[in-house]
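Data from protein_21.txt: compact mmCIF, C-alpha atoms
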# COMPACT_ATOMS: atom_id res chain seq x y z
CA MET A 1 229.59 17.77 82.60
CA PRO A 2 232.57 19.44 84.22
CA THR A 3 233.09 18.57 87.80
CA GLY A 4 232.77 22.12 89.02
CA CYS A 5 229.27 22.34 87.59
CA GLN A 6 227.90 19.36 89.55
CA LYS A 7 225.25 20.07 92.21
CA PRO A 8 226.25 19.30 95.80
CA PRO A 9 224.59 16.17 97.16
CA ALA A 10 221.38 16.75 99.07
CA VAL A 11 221.75 16.71 102.85
CA VAL A 12 219.78 13.83 104.26
CA VAL A 13 218.21 14.85 107.57
CA PRO A 14 217.59 11.77 109.70
CA PRO A 15 214.10 11.50 111.10
CA PRO A 16 213.75 12.22 114.80
CA PRO A 17 214.17 9.11 116.93
CA THR A 18 211.03 7.45 118.15
CA VAL A 19 210.68 7.15 121.91
CA GLY A 20 208.08 5.40 124.02
CA VAL A 21 206.32 7.56 126.56
CA VAL A 22 203.96 6.91 129.41
CA GLU A 23 201.94 9.44 131.33
CA SER A 24 202.55 10.07 135.00
CA ARG A 25 199.45 9.24 136.99
CA ARG A 26 198.00 9.31 140.46
CA MET A 27 197.31 6.25 142.59
CA ALA A 28 196.94 5.20 146.21
CA VAL A 29 200.30 3.99 147.50
CA PRO A 30 201.01 2.30 150.83
CA ILE A 31 204.50 3.13 152.11
CA GLU A 32 206.06 -0.04 153.47
CA ILE A 33 209.27 -0.49 155.43
CA SER A 34 211.27 -3.60 154.66
CA LEU A 35 213.75 -4.76 157.28
CA ASN A 36 215.87 -7.73 158.15
CA GLY A 37 214.83 -9.48 161.34
CA THR A 38 215.86 -12.36 163.55
CA THR A 39 213.39 -14.88 164.92
CA ARG A 40 213.37 -15.34 168.69
CA ALA A 41 211.47 -17.67 170.97
CA MET A 42 208.74 -15.85 172.89
CA GLU A 43 209.86 -17.74 175.98
CA GLU A 44 213.02 -19.73 176.61
CA VAL A 45 213.87 -21.77 179.69
CA VAL A 46 217.17 -23.47 180.43
CA VAL A 47 216.65 -26.63 182.49
CA LYS A 48 219.36 -26.49 185.17
CA ALA A 49 220.50 -28.86 187.89
CA ARG A 50 219.97 -27.08 191.22
CA VAL A 51 221.47 -29.80 193.41
CA ARG A 52 224.58 -31.91 193.06
CA GLY A 53 224.23 -35.56 192.14
CA PHE A 54 224.36 -38.20 189.45
CA LEU A 55 221.86 -37.96 186.60
CA THR A 56 219.82 -41.17 186.67
CA GLU A 57 216.78 -40.66 184.40
CA LYS A 58 215.66 -38.81 181.25
CA HIS A 59 211.95 -38.72 180.39
CA PHE A 60 211.68 -37.05 176.97
CA GLU A 61 212.66 -37.40 173.33
CA GLU A 62 215.12 -34.77 172.15
CA GLY A 63 213.43 -32.26 169.86
CA SER A 64 209.93 -33.19 171.00
CA LEU A 65 207.15 -30.98 172.32
CA VAL A 66 206.81 -30.95 176.10
CA LYS A 67 204.08 -29.70 178.40
CA LYS A 68 204.45 -27.50 181.45
CA GLY A 69 205.02 -29.71 184.50
CA GLN A 70 206.21 -32.72 182.48
CA LEU A 71 209.03 -34.68 184.16
CA LEU A 72 212.30 -34.30 182.24
CA PHE A 73 215.29 -35.42 184.35
CA VAL A 74 215.90 -37.16 187.68
CA ILE A 75 219.02 -36.83 189.85
CA ASP A 76 219.84 -39.62 192.33
CA GLU A 77 217.38 -39.02 195.19
CA VAL A 78 218.79 -41.40 197.83
CA PRO A 79 221.21 -38.94 199.55
CA TYR A 80 218.50 -36.30 199.70
CA LYS A 81 215.92 -38.71 201.11
CA ILE A 82 218.38 -39.59 203.90
CA SER A 83 218.97 -35.89 204.59
CA LEU A 84 215.22 -35.39 204.83
CA GLU A 85 214.86 -38.22 207.35
CA GLN A 86 217.67 -36.76 209.45
CA ALA A 87 216.01 -33.35 209.40
CA LYS A 88 212.70 -34.86 210.48
CA ALA A 89 214.42 -36.67 213.38
CA LYS A 90 215.94 -33.39 214.56
CA LEU A 91 212.52 -31.80 214.37
CA ASP A 92 211.10 -34.52 216.61
CA GLU A 93 213.94 -33.93 219.07
CA ALA A 94 213.28 -30.20 219.09
CA ASN A 95 209.56 -30.77 219.69
CA ALA A 96 210.41 -33.02 222.65
CA THR A 97 212.68 -30.35 224.09
CA LEU A 98 209.89 -27.80 223.75
CA THR A 99 207.42 -30.08 225.48
CA LYS A 100 209.88 -30.62 228.33
CA ALA A 101 210.43 -26.88 228.67
CA GLU A 102 206.70 -26.21 228.72
CA GLN A 103 206.15 -28.85 231.41
CA SER A 104 208.98 -27.61 233.65
CA LYS A 105 208.00 -27.15 237.37
CA VAL A 106 210.87 -24.85 238.27
CA ARG A 107 208.48 -21.96 238.89
CA GLU A 108 206.24 -24.03 241.14
CA ILE A 109 209.25 -25.24 243.14
CA ALA A 110 210.50 -21.68 243.64
CA GLN A 111 207.00 -20.55 244.57
CA ALA A 112 206.68 -23.35 247.16
CA GLN A 113 210.07 -22.52 248.66
CA LEU A 114 209.04 -18.88 248.96
CA ALA A 115 205.78 -19.85 250.68
CA LEU A 116 207.66 -22.11 253.12
CA ASP A 117 210.20 -19.46 254.04
CA GLN A 118 207.47 -16.84 254.27
CA ALA A 119 205.69 -19.05 256.83
CA GLN A 120 208.94 -19.45 258.76
CA LEU A 121 209.37 -15.67 258.69
CA ASN A 122 205.87 -15.15 260.01
CA LEU A 123 206.58 -17.63 262.81
CA GLY A 124 209.86 -15.87 263.58
CA VAL A 125 208.09 -12.54 263.92
CA VAL A 126 205.57 -14.06 266.32
CA GLU A 127 208.32 -15.69 268.40
CA GLU A 128 210.32 -12.45 268.52
CA ASN A 129 207.30 -10.51 269.72
CA ARG A 130 206.56 -13.19 272.34
CA ALA A 131 210.16 -13.12 273.61
CA LYS A 132 210.07 -9.36 273.91
CA SER A 133 206.75 -9.53 275.79
CA LEU A 134 208.10 -12.15 278.21
CA GLN A 135 211.28 -10.13 278.76
CA SER A 136 209.20 -7.11 279.71
CA ARG A 137 207.67 -9.24 282.45
CA ASN A 138 211.07 -10.73 283.35
CA ALA A 139 209.84 -14.10 282.12
CA ALA A 140 212.51 -14.37 279.39
CA SER A 141 216.14 -13.42 279.16
CA ARG A 142 217.77 -10.98 276.81
CA GLU A 143 219.43 -13.95 275.15
CA ASP A 144 216.01 -15.37 274.25
CA VAL A 145 215.02 -12.08 272.64
CA ASP A 146 218.25 -11.86 270.63
CA ARG A 147 217.85 -15.45 269.44
CA ALA A 148 214.25 -14.77 268.29
CA GLU A 149 215.30 -11.55 266.53
CA ALA A 150 218.17 -13.29 264.71
CA ASN A 151 215.87 -16.10 263.67
CA ARG A 152 213.38 -13.58 262.24
CA LYS A 153 216.09 -11.75 260.27
CA LYS A 154 217.35 -15.03 258.87
CA TYR A 155 213.94 -15.84 257.44
CA GLU A 156 213.53 -12.32 256.11
CA ALA A 157 216.72 -12.79 254.14
CA GLN A 158 215.60 -16.20 253.01
CA VAL A 159 212.27 -14.82 251.79
CA GLY A 160 214.10 -12.12 249.84
CA SER A 161 216.30 -14.78 248.27
CA ASP A 162 213.27 -16.91 247.47
CA LYS A 163 211.56 -14.01 245.71
CA ALA A 164 214.65 -13.44 243.57
CA SER A 165 214.83 -17.17 242.82
CA LEU A 166 211.18 -17.16 241.80
CA GLU A 167 211.73 -14.27 239.37
CA GLN A 168 214.78 -16.04 237.95
CA ALA A 169 212.80 -19.26 237.61
CA LYS A 170 210.08 -17.42 235.71
CA ALA A 171 212.66 -15.82 233.42
CA ASP A 172 214.45 -19.12 232.87
CA TYR A 173 211.15 -20.76 232.05
CA GLU A 174 210.27 -18.13 229.43
CA VAL A 175 213.76 -18.22 227.94
CA GLY A 176 213.67 -22.00 227.88
CA ILE A 177 210.36 -21.94 226.03
CA LEU A 178 211.64 -19.41 223.50
CA ALA A 179 214.87 -21.33 222.95
CA ALA A 180 212.97 -24.59 222.50
CA LYS A 181 210.57 -22.95 220.05
CA ALA A 182 213.50 -21.51 218.10
CA GLN A 183 215.03 -24.97 217.89
CA VAL A 184 211.72 -26.30 216.58
CA GLU A 185 211.55 -23.57 213.91
CA ALA A 186 215.15 -24.23 212.90
CA ALA A 187 214.41 -27.93 212.66
CA ARG A 188 211.29 -27.25 210.60
CA ALA A 189 213.32 -25.02 208.25
CA ALA A 190 215.86 -27.80 207.89
CA VAL A 191 213.04 -30.18 206.96
CA ARG A 192 211.69 -27.73 204.38
CA ASP A 193 215.17 -27.24 202.95
CA ALA A 194 215.67 -31.00 202.72
CA GLU A 195 212.27 -31.37 201.04
CA ILE A 196 213.14 -28.63 198.52
CA ASN A 197 216.48 -30.22 197.71
CA LEU A 198 214.77 -33.57 197.27
CA GLY A 199 212.24 -31.89 194.97
CA TYR A 200 215.08 -30.40 192.93
CA CYS A 201 216.13 -33.94 192.06
CA ARG A 202 213.09 -34.11 189.76
CA MET A 203 213.26 -31.45 187.04
CA THR A 204 210.07 -30.60 185.16
CA ALA A 205 209.23 -28.34 182.20
CA ALA A 206 208.50 -24.77 183.27
CA ILE A 207 206.68 -23.92 180.01
CA ASP A 208 205.05 -25.58 177.03
CA GLY A 209 207.44 -25.75 174.09
CA ARG A 210 209.95 -27.75 172.12
CA ILE A 211 212.90 -29.17 174.04
CA GLY A 212 216.30 -29.37 172.44
CA GLU A 213 219.23 -31.70 172.83
CA ALA A 214 220.02 -33.26 176.20
CA LYS A 215 223.41 -31.69 176.85
CA ILE A 216 224.46 -34.14 179.58
CA LYS A 217 224.00 -37.88 179.37
CA ILE A 218 222.67 -40.25 182.02
CA GLY A 219 225.25 -41.26 184.64
CA ASN A 220 227.17 -37.98 184.70
CA LEU A 221 227.66 -35.88 187.82
CA VAL A 222 225.80 -32.57 187.64
CA GLY A 223 225.38 -29.65 189.98
CA PRO A 224 225.28 -25.84 190.12
CA GLU A 225 228.75 -25.56 191.63
CA LEU A 226 230.24 -27.46 188.68
CA GLY A 227 229.59 -24.62 186.21
CA ALA A 228 227.24 -24.23 183.26
CA GLU A 229 228.81 -27.16 181.42
CA PHE A 230 227.55 -29.56 184.09
CA SER A 231 224.42 -27.74 185.26
CA GLU A 232 222.58 -26.76 182.05
CA LEU A 233 220.82 -29.92 180.93
CA ALA A 234 218.53 -28.79 178.09
CA THR A 235 216.66 -25.79 176.67
CA ILE A 236 212.92 -25.41 176.12
CA GLN A 237 211.66 -22.79 173.67
CA GLN A 238 208.11 -21.66 173.08
CA LEU A 239 207.75 -21.62 169.29
CA ASP A 240 204.10 -20.64 168.88
CA PRO A 241 203.81 -17.71 168.58
CA MET A 242 207.25 -16.78 167.27
CA SER A 243 208.84 -13.41 168.01
CA VAL A 244 210.94 -11.42 165.53
CA ASP A 245 213.46 -8.71 166.45
CA MET A 246 213.88 -5.77 164.04
CA ARG A 247 215.71 -2.46 164.16
CA PRO A 248 213.99 0.33 162.17
CA SER A 249 215.53 3.76 161.72
CA ALA A 250 214.91 6.16 164.59
CA ARG A 251 213.16 8.57 162.22
CA TYR A 252 210.19 6.20 162.21
CA LEU A 253 210.04 5.88 166.01
CA GLU A 254 207.05 8.13 166.66
CA ARG A 255 205.03 6.72 163.77
CA ILE A 256 205.81 3.07 164.51
CA THR A 257 205.13 3.53 168.22
CA LYS A 258 201.67 4.90 167.48
CA LEU A 259 200.94 2.15 164.96
CA THR A 260 202.12 -0.53 167.39
CA GLU A 261 199.66 0.74 169.98
CA GLN A 262 196.96 0.32 167.30
CA GLY A 263 198.04 -3.24 166.44
CA LEU A 264 200.48 -2.74 163.56
CA GLU A 265 200.30 -5.69 161.14
CA VAL A 266 203.55 -7.19 159.83
CA LYS A 267 204.46 -9.68 157.11
CA LEU A 268 207.41 -12.07 157.08
CA THR A 269 209.40 -13.42 154.14
CA ARG A 270 211.91 -16.22 154.43
CA THR A 271 214.25 -18.11 152.16
CA GLY A 272 213.03 -21.50 150.99
CA LEU A 273 214.02 -24.02 148.34
CA GLU A 274 212.50 -21.79 145.65
CA GLY A 275 213.98 -18.56 146.94
CA GLU A 276 212.24 -15.94 149.03
CA MET A 277 208.64 -16.68 149.92
CA GLU A 278 206.06 -14.87 151.98
CA TYR A 279 205.08 -16.57 155.22
CA ALA A 280 201.41 -17.51 155.25
CA GLU A 281 200.67 -16.15 158.72
CA GLY A 282 200.55 -12.42 159.40
CA GLY A 283 201.62 -11.00 162.73
CA ARG A 284 201.51 -7.87 164.85
CA ALA A 285 204.11 -5.64 166.48
CA TYR A 286 203.97 -5.77 170.26
CA PHE A 287 207.12 -4.15 171.65
CA ILE A 288 209.06 -0.90 171.20
CA ASP A 289 212.27 -0.51 173.17
CA ASN A 290 212.89 2.50 175.39
CA THR A 291 216.26 3.48 173.93
CA ILE A 292 217.89 4.26 170.59
CA ASP A 293 221.22 2.73 169.61
CA PRO A 294 223.53 5.77 169.21
CA THR A 295 225.88 3.93 166.85
CA THR A 296 223.21 2.97 164.29
CA SER A 297 220.39 5.41 165.12
CA THR A 298 217.97 2.49 165.23
CA PHE A 299 215.67 1.10 167.89
CA LEU A 300 214.53 -2.40 168.74
CA MET A 301 211.00 -3.44 167.92
CA LYS A 302 209.43 -6.88 168.16
CA ALA A 303 206.57 -8.59 166.40
CA LYS A 304 204.95 -11.95 166.99
CA LEU A 305 203.49 -14.31 164.41
CA PRO A 306 201.52 -17.55 164.73
CA ASN A 307 203.71 -20.60 164.17
CA PRO A 308 201.29 -23.53 164.56
CA ASN A 309 203.34 -25.93 162.43
CA GLY A 310 206.69 -24.99 163.91
CA VAL A 311 208.22 -24.09 160.54
CA LEU A 312 209.89 -21.03 162.07
CA LEU A 313 212.77 -21.68 164.45
CA PRO A 314 214.66 -19.19 166.63
CA GLY A 315 217.79 -17.63 165.19
CA ALA A 316 216.69 -17.43 161.55
CA TYR A 317 217.29 -14.31 159.46
CA VAL A 318 214.04 -13.23 157.83
CA GLY A 319 212.59 -10.30 155.95
CA MET A 320 209.91 -8.17 157.58
CA LYS A 321 207.69 -5.52 156.07
CA PHE A 322 204.87 -3.36 157.32
CA THR A 323 202.95 -0.31 156.17
CA VAL A 324 203.74 2.95 157.96
CA GLU A 325 201.79 5.33 155.77
CA LYS A 326 199.34 5.46 152.87
CA ILE A 327 199.46 8.19 150.24
CA ASP A 328 195.99 8.33 148.71
CA ASP A 329 196.86 10.49 145.68
CA ALA A 330 200.54 9.97 144.88
CA VAL A 331 202.06 10.88 141.50
CA VAL A 332 203.87 7.84 140.05
CA VAL A 333 205.86 6.92 136.96
CA PRO A 334 207.40 3.58 135.96
CA GLU A 335 210.48 2.85 138.03
CA THR A 336 212.76 2.62 134.97
CA ALA A 337 211.78 6.13 133.86
CA VAL A 338 213.61 7.72 136.80
CA MET A 339 217.34 8.27 136.27
CA GLU A 340 219.67 8.75 139.22
CA THR A 341 222.24 11.51 138.58
CA GLU A 342 224.76 13.40 140.67
CA ALA A 343 222.26 16.24 140.88
CA GLY A 344 219.55 13.87 142.03
CA PRO A 345 216.76 11.87 140.37
CA VAL A 346 215.45 13.13 137.02
CA VAL A 347 212.96 12.12 134.34
CA TYR A 348 212.99 12.97 130.63
CA VAL A 349 209.87 14.67 129.31
CA ILE A 350 208.88 16.19 125.94
CA ASP A 351 208.09 19.87 125.69
CA LYS A 352 205.55 21.50 123.36
CA ASP A 353 208.15 21.62 120.57
CA HIS A 354 208.62 17.85 120.80
CA LYS A 355 212.08 18.27 122.26
CA VAL A 356 213.60 16.35 125.14
CA MET A 357 213.76 18.17 128.45
CA VAL A 358 215.29 17.08 131.77
CA GLN A 359 212.94 17.39 134.73
CA ARG A 360 214.32 17.10 138.26
CA VAL A 361 212.02 15.30 140.68
CA ASP A 362 211.88 14.37 144.33
CA ALA A 363 211.57 10.61 144.04
CA GLY A 364 210.46 8.29 146.79
CA PRO A 365 210.14 4.52 147.15
CA THR A 366 208.87 2.07 144.55
CA TYR A 367 205.47 0.42 144.64
CA GLN A 368 204.32 -2.23 142.12
CA GLY A 369 207.05 -1.10 139.73
CA GLN A 370 205.94 2.53 140.02
CA ARG A 371 208.26 5.19 141.49
CA ILE A 372 206.58 7.69 143.78
CA LEU A 373 207.29 11.36 142.94
CA TYR A 374 206.78 13.73 145.84
CA SER A 375 207.38 16.85 143.74
CA GLY A 376 208.68 18.05 140.37
CA LEU A 377 206.01 16.46 138.20
CA ASP A 378 202.24 16.46 138.11
CA ALA A 379 199.94 13.72 136.88
CA GLY A 380 199.24 13.45 133.14
CA VAL A 381 202.74 14.41 131.97
CA PRO A 382 204.29 12.15 129.27
CA VAL A 383 207.58 10.73 130.49
CA ILE A 384 210.08 8.98 128.21
CA LEU A 385 210.34 5.33 129.12
CA GLU A 386 211.73 3.67 125.97
CA GLY A 387 214.61 4.88 123.80
CA LEU A 388 216.43 6.65 126.60
CA GLN A 389 219.75 5.63 125.06
CA LEU A 390 218.90 7.58 121.89
CA ILE A 391 218.11 10.95 123.41
CA ARG A 392 219.78 14.01 124.84
CA PRO A 393 218.35 17.28 126.17
CA GLY A 394 217.06 19.50 123.35
CA LEU A 395 216.79 16.69 120.80
CA GLU A 396 213.57 16.58 118.81
CA VAL A 397 211.87 13.21 119.13
CA LYS A 398 208.79 11.43 117.92
CA ALA A 399 206.67 10.13 120.78
CA GLU A 400 204.47 7.09 120.76
CA PRO A 401 202.90 5.17 123.62
CA ALA A 402 205.35 2.86 125.35
CA ARG A 403 204.59 -0.80 125.78
CA MET A 404 205.15 -1.74 129.44
CA PRO A 405 204.11 -4.59 131.69
CA ARG A 406 201.07 -3.96 133.80
CA GLY A 407 201.64 -3.69 137.55
CA ILE A 408 200.15 -6.36 139.74
CA ASP A 409 198.06 -4.80 142.48
CA GLY A 410 198.90 -5.82 145.97
CA LYS A 411 201.92 -7.96 145.08
CA ALA A 412 204.81 -5.52 144.98
CA SER A 413 205.99 -3.36 147.88
CA ALA A 414 206.85 0.29 148.44
CA ARG A 415 210.32 0.12 149.86
CA GLY A 416 211.26 2.97 152.13
CA GLU A 417 214.57 1.55 153.32
CA LYS A 418 216.03 -0.87 150.75
CA ASP A 419 215.84 -1.69 147.04
CA PRO A 420 214.32 -4.91 145.69
CA SER A 421 216.62 -7.89 145.79
CA PRO A 422 217.81 -9.43 142.47
CA LEU A 423 215.54 -12.38 143.16
CA GLU A 424 212.53 -10.09 143.58
CA LYS A 425 213.35 -8.28 140.34
CA ALA A 426 213.78 -11.54 138.43
CA THR A 427 210.53 -12.91 139.83
CA ALA A 428 208.65 -9.72 138.94
CA SER A 429 210.14 -9.76 135.44
CA ARG A 430 209.05 -13.34 134.79
CA LYS A 431 205.58 -12.51 136.08
CA HIS A 432 205.28 -9.41 133.92
CA GLU A 433 206.24 -11.27 130.75
CA THR A 434 203.21 -13.52 131.04
CA GLU A 435 200.64 -10.76 131.44
CA ASP A 436 198.85 -8.39 129.06
CA ASP A 437 200.38 -5.09 128.14
CA GLN A 438 199.25 -1.88 129.80
CA PRO A 439 196.94 0.40 127.78
CA HIS A 440 198.79 3.03 125.75
CA ALA A 441 199.43 6.42 127.27
CA GLU A 442 197.45 9.42 126.06
CA ASN A 443 198.88 12.28 124.03
CA ALA A 444 201.93 13.91 125.60
CA ARG A 445 201.58 17.01 127.73
CA THR A 446 204.06 19.55 128.92
CA ALA A 447 206.04 18.97 132.11
CA VAL A 448 205.31 21.07 135.17
CA HIS A 449 208.22 23.39 135.90
Before anything else, please render the file you have as C-alpha cells.
Amino acid sequence: MPTGCQKPPAVVVPPPPTVGVVESRRMAVPIEISLNGTTRAMEEVVVKARVRGFLTEKHFEEGSLVKKGQLLFVIDEVPYKISLEQAKAKLDEANATLTKAEQSKVREIAQAQLALDQAQLNLGVVEENRAKSLQSRNAASREDVDRAEANRKKYEAQVGSDKASLEQAKADYEVGILAAKAQVEAARAAVRDAEINLGYCRMTAAIDGRIGEAKIKIGNLVGPELGAEFSELATIQQLDPMSVDMRPSARYLERITKLTEQGLEVKLTRTGLEGEMEYAEGGRAYFIDNTIDPTTSTFLMKAKLPNPNGVLLPGAYVGMKFTVEKIDDAVVVPETAVMETEAGPVVYVIDKDHKVMVQRVDAGPTYQGQRILYSGLDAGVPVILEGLQLIRPGLEVKAEPARMPRGIDGKASARGEKDPSPLEKATASRKHETEDDQPHAENARTAVH
C-alpha cells in the first residue's frame, strides 16, 4: 500500500493520574505554645564571710543536701571572743560609773550648805535688829549697827550663792546620770556588736537545698573587705520545686495572665540519652512579669515543677509547652496536604468535573499531624494528599482514598510558635509506621469557595 494511503496512528490518551485524597474533618484541638526555657532555682543563697579571719572548719560534703540552720563553715573565733570579753569589761566599768553617779551626795552637800548659811542669815537679821534697837536707846554705837548690817548682807549673798550652787549640783547630778547611762548603753551596744561578730564566725545554711563546691579551702583568709573572691564560700540552691523562665510573645500576655491566675498547667521536655523526652512531673505557671521587652516583644513568665529526685538542675535549656486555647470544632487536614506558597498556604482539591483546583486557606498550627484551617475550607471536602507531584491546576485526575498513618490522640502538640523538631518528626514517623492505617476517606466533595 502506498505510503500516502496509510492511516495516521491512533492518538493514545494517557489515563488521568490517580491521586490519594482524604476528607477534611472537624475535631477538638487544643492550641499549645511551645517555648524554650531555662531552669532556675526557686531560692538561691550565697554563703558569705561577714567577718575577717582564717577559715578553720568545713562541716558538709560538696554537692550534698543541707538543712536550714546546719553548720557549714567556721572562721577562727579566738580574736572575736577576746573582743567580746573586752566589751563586757567596758560594760561593767560603765555600770560602775552609773552607780557612782546615782549615789553622788553633791546635792545633799549643797542643800546642807544652803541651810547653814540660811541659819547664819537669820541670826544676822536678828543681831542687826537688836543693834538698831540698842542704838535707839543709846545702848549701842553706830559702829555696832553697821557691823551687824554688814554681817547680815554677807549671809544674804552667801545664801544666794548657795541656792545657785544647789541648782548647779542638781543639774550636774542629772547630767552625770544621763552621761553614765549613755556610757552603759554604748558599752551594751559594743557587747552586742562583739556577740554578732562572734556569731558570724559560724556560718549556717539559710535554706534547705543542695550546696555546691566549697570555693575557698580551709586555712585561707576570708572577709567581706577582701572582695567576692575571698568572701563567697559556697552556694545553696533549692531544687525542689524547680523554676523555669520562659518568654512568650506579648500577643499572648492577656490570655496567659488570666490562665496563670487559674493555675495554668505546663509540661517540660528535656534532652536525654535517647533524645528529647517529656518530664514526668507536670507544673504550673506562677509568675508574670510587669514589663514587656521592647526589643523582642516578649515578657517573662515563670513556672515551677516538682523535682523530688533532683534530676533537674539550674541553668539547663528545656522545652516548655502549655495549652492557651481549645478549639472544639476545628477543620483539619493532614499536615502534608497544605502547601506553603508565596501567596500563602493552599490545598489541592477536586472539583465536580474531577479536575484539580487550588484552594487558598488560612492555616494554623499542627496538632497530631493535622493542620488546623481557620478558613477557606469546610469539613467533608476531599483534599489531595498523595500524588501531588503529578498534578497541576485544571488537570483531570482519578481520586481514590489515600492511605495515611492514623494520628495518635494526646501525643502530638499544636504548635503556635515553632515547627516540630527533626527529632520529633522522626519519632512520629517511626511510631506511625507501626500502627494501622486510617479508614479510607469518603467520596470526594466540592471545595467551599
Env of range 253-264 of chain A: 8 Å cut, atoms = all atoms listed in the file, seq-sep filter 6 positions within chain, self excluded. Answer as an NGL selection string.
:A and (284-288 or 299 or 322 or 324)
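The shortest atom-to-atom distance to Lys163 in chain A, with all atoms listed in the file taken into account, belongs to A:Asp117 out of A:Leu178, A:Asn151, A:Asp117, A:Ile207.
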Point out the residue among A:Gln183, A:Thr56, A:Asn307, A:Thr295 with the least atom-to-atom distance to Leu72 in chain A, counting all atoms listed in the file.
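Comparing A:Gln183, A:Thr56, A:Asn307, A:Thr295 against Leu72 in chain A, the winner is A:Thr56.
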So, counting all atoms listed in the file, which residue among A:Gly344, A:Gly20, A:Gly37, A:Pro393 is closest to Lys302 in chain A?
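Closest to Lys302 in chain A, using all atoms listed in the file: A:Gly37.
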Quick check, in Å to one decimal: how far apart do CA of Val106 in chain A and CA of Ala89 in chain A lie?
27.8 Å
From A:Val222, A:Ala182, A:Leu239, A:Val347, residue lying nearest Val22 in chain A [only C-alpha atoms]
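Residue with the minimum atom-to-atom distance to Val22 in chain A: A:Val347.
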Would you work out the distance separating CA of Pro334 in chain A from CA of Val318 in chain A, expressed in Å to one decimal?
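Answer for the CA of Pro334 in chain A to CA of Val318 in chain A separation: 28.4 Å.
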Pull the neighbourhood of (212.7, -26.3, 239.1) for me: all residues within 10 Å in file coordinates, counting only C-alpha atoms, as a CSV table (one decimal) with C-alpha atoms, in the frame of the given file.
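Printed below is point-v2.csv as written:
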chain,number,residue,atom,x,y,z
A,104,SER,CA,209.0,-27.6,233.6
A,105,LYS,CA,208.0,-27.2,237.4
A,106,VAL,CA,210.9,-24.8,238.3
A,107,ARG,CA,208.5,-22.0,238.9
A,108,GLU,CA,206.2,-24.0,241.1
A,109,ILE,CA,209.2,-25.2,243.1
A,110,ALA,CA,210.5,-21.7,243.6
A,111,GLN,CA,207.0,-20.6,244.6
A,166,LEU,CA,211.2,-17.2,241.8
A,169,ALA,CA,212.8,-19.3,237.6
A,170,LYS,CA,210.1,-17.4,235.7
A,172,ASP,CA,214.4,-19.1,232.9
A,173,TYR,CA,211.2,-20.8,232.0
Give me, as JSON, numbers by chain, all polymer residues having an atom no more than 9 Å from Arg152 in chain A, counting only C-alpha atoms and skipping those fewer than 4 positions away in the same chain.
{"A": [120, 121, 122, 123, 124, 125, 126, 127, 128, 147, 148, 156, 157]}
List every residue of range 302-345 of chain A that has an atom at most 6 Å from any atom of range 358-376 of chain A, and for each one report the closest atom pair and its distance in Å to one decimal, counting all atoms listed in the file, with rows sorted by chain and then by increasing residue number, as CSV.
residue,atom,partner,partner_atom,distance
A:Val331,CA,A:Leu373,CA,5.4
A:Val332,CA,A:Ile372,CA,4.6
A:Val333,CA,A:Gln370,CA,5.4
A:Pro334,CA,A:Gln370,CA,4.4
A:Glu335,CA,A:Arg371,CA,4.7
A:Pro345,CA,A:Val361,CA,5.9
For Glu61 in chain A, the closest of A:Glu213, A:Glu265, A:Glu325, A:Glu229 counting all atoms listed in the file is A:Glu213
Which residue is closest to Leu221 in chain A? Choose from A:Leu233, A:Gly63, A:Ala115, A:Thr39 and count all atoms listed in the file.
A:Leu233
Just want the 12 Å neighbourhood of Ile75 in chain A, counted on all atoms listed in the file, with same-chain residues fewer than 2 positions away dropped. Output as a PyMOL selection string.
chain A and resi 48-59+71-73+77-81+197-204+216-223+231+233
If you keep C-alpha atoms, can you produce a file of those selected residues as a short mmCIF file (atom, residue, chain, number, x, y, z; two decimals), in the coordinates of the input?
data_model
loop_
_atom_site.label_atom_id
_atom_site.label_comp_id
_atom_site.auth_asym_id
_atom_site.auth_seq_id
_atom_site.Cartn_x
_atom_site.Cartn_y
_atom_site.Cartn_z
CA LYS A 48 219.36 -26.49 185.17
CA ALA A 49 220.50 -28.86 187.89
CA ARG A 50 219.97 -27.08 191.22
CA VAL A 51 221.47 -29.80 193.41
CA ARG A 52 224.58 -31.91 193.06
CA GLY A 53 224.23 -35.56 192.14
CA PHE A 54 224.36 -38.20 189.45
CA LEU A 55 221.86 -37.96 186.60
CA THR A 56 219.82 -41.17 186.67
CA GLU A 57 216.78 -40.66 184.40
CA LYS A 58 215.66 -38.81 181.25
CA HIS A 59 211.95 -38.72 180.39
CA LEU A 71 209.03 -34.68 184.16
CA LEU A 72 212.30 -34.30 182.24
CA PHE A 73 215.29 -35.42 184.35
CA GLU A 77 217.38 -39.02 195.19
CA VAL A 78 218.79 -41.40 197.83
CA PRO A 79 221.21 -38.94 199.55
CA TYR A 80 218.50 -36.30 199.70
CA LYS A 81 215.92 -38.71 201.11
CA ASN A 197 216.48 -30.22 197.71
CA LEU A 198 214.77 -33.57 197.27
CA GLY A 199 212.24 -31.89 194.97
CA TYR A 200 215.08 -30.40 192.93
CA CYS A 201 216.13 -33.94 192.06
CA ARG A 202 213.09 -34.11 189.76
CA MET A 203 213.26 -31.45 187.04
CA THR A 204 210.07 -30.60 185.16
CA ILE A 216 224.46 -34.14 179.58
CA LYS A 217 224.00 -37.88 179.37
CA ILE A 218 222.67 -40.25 182.02
CA GLY A 219 225.25 -41.26 184.64
CA ASN A 220 227.17 -37.98 184.70
CA LEU A 221 227.66 -35.88 187.82
CA VAL A 222 225.80 -32.57 187.64
CA GLY A 223 225.38 -29.65 189.98
CA SER A 231 224.42 -27.74 185.26
CA LEU A 233 220.82 -29.92 180.93
#
Edge lengths and centre in Å to one decimal, as AutoDock Vina command-line options, of the axis-aligned box that encloses all listed atoms of range 111-115 of chain A with 8 Å added on every side?
--center_x 207.9 --center_y -21.1 --center_z 247.6 --size_x 20.3 --size_y 20.5 --size_z 22.1
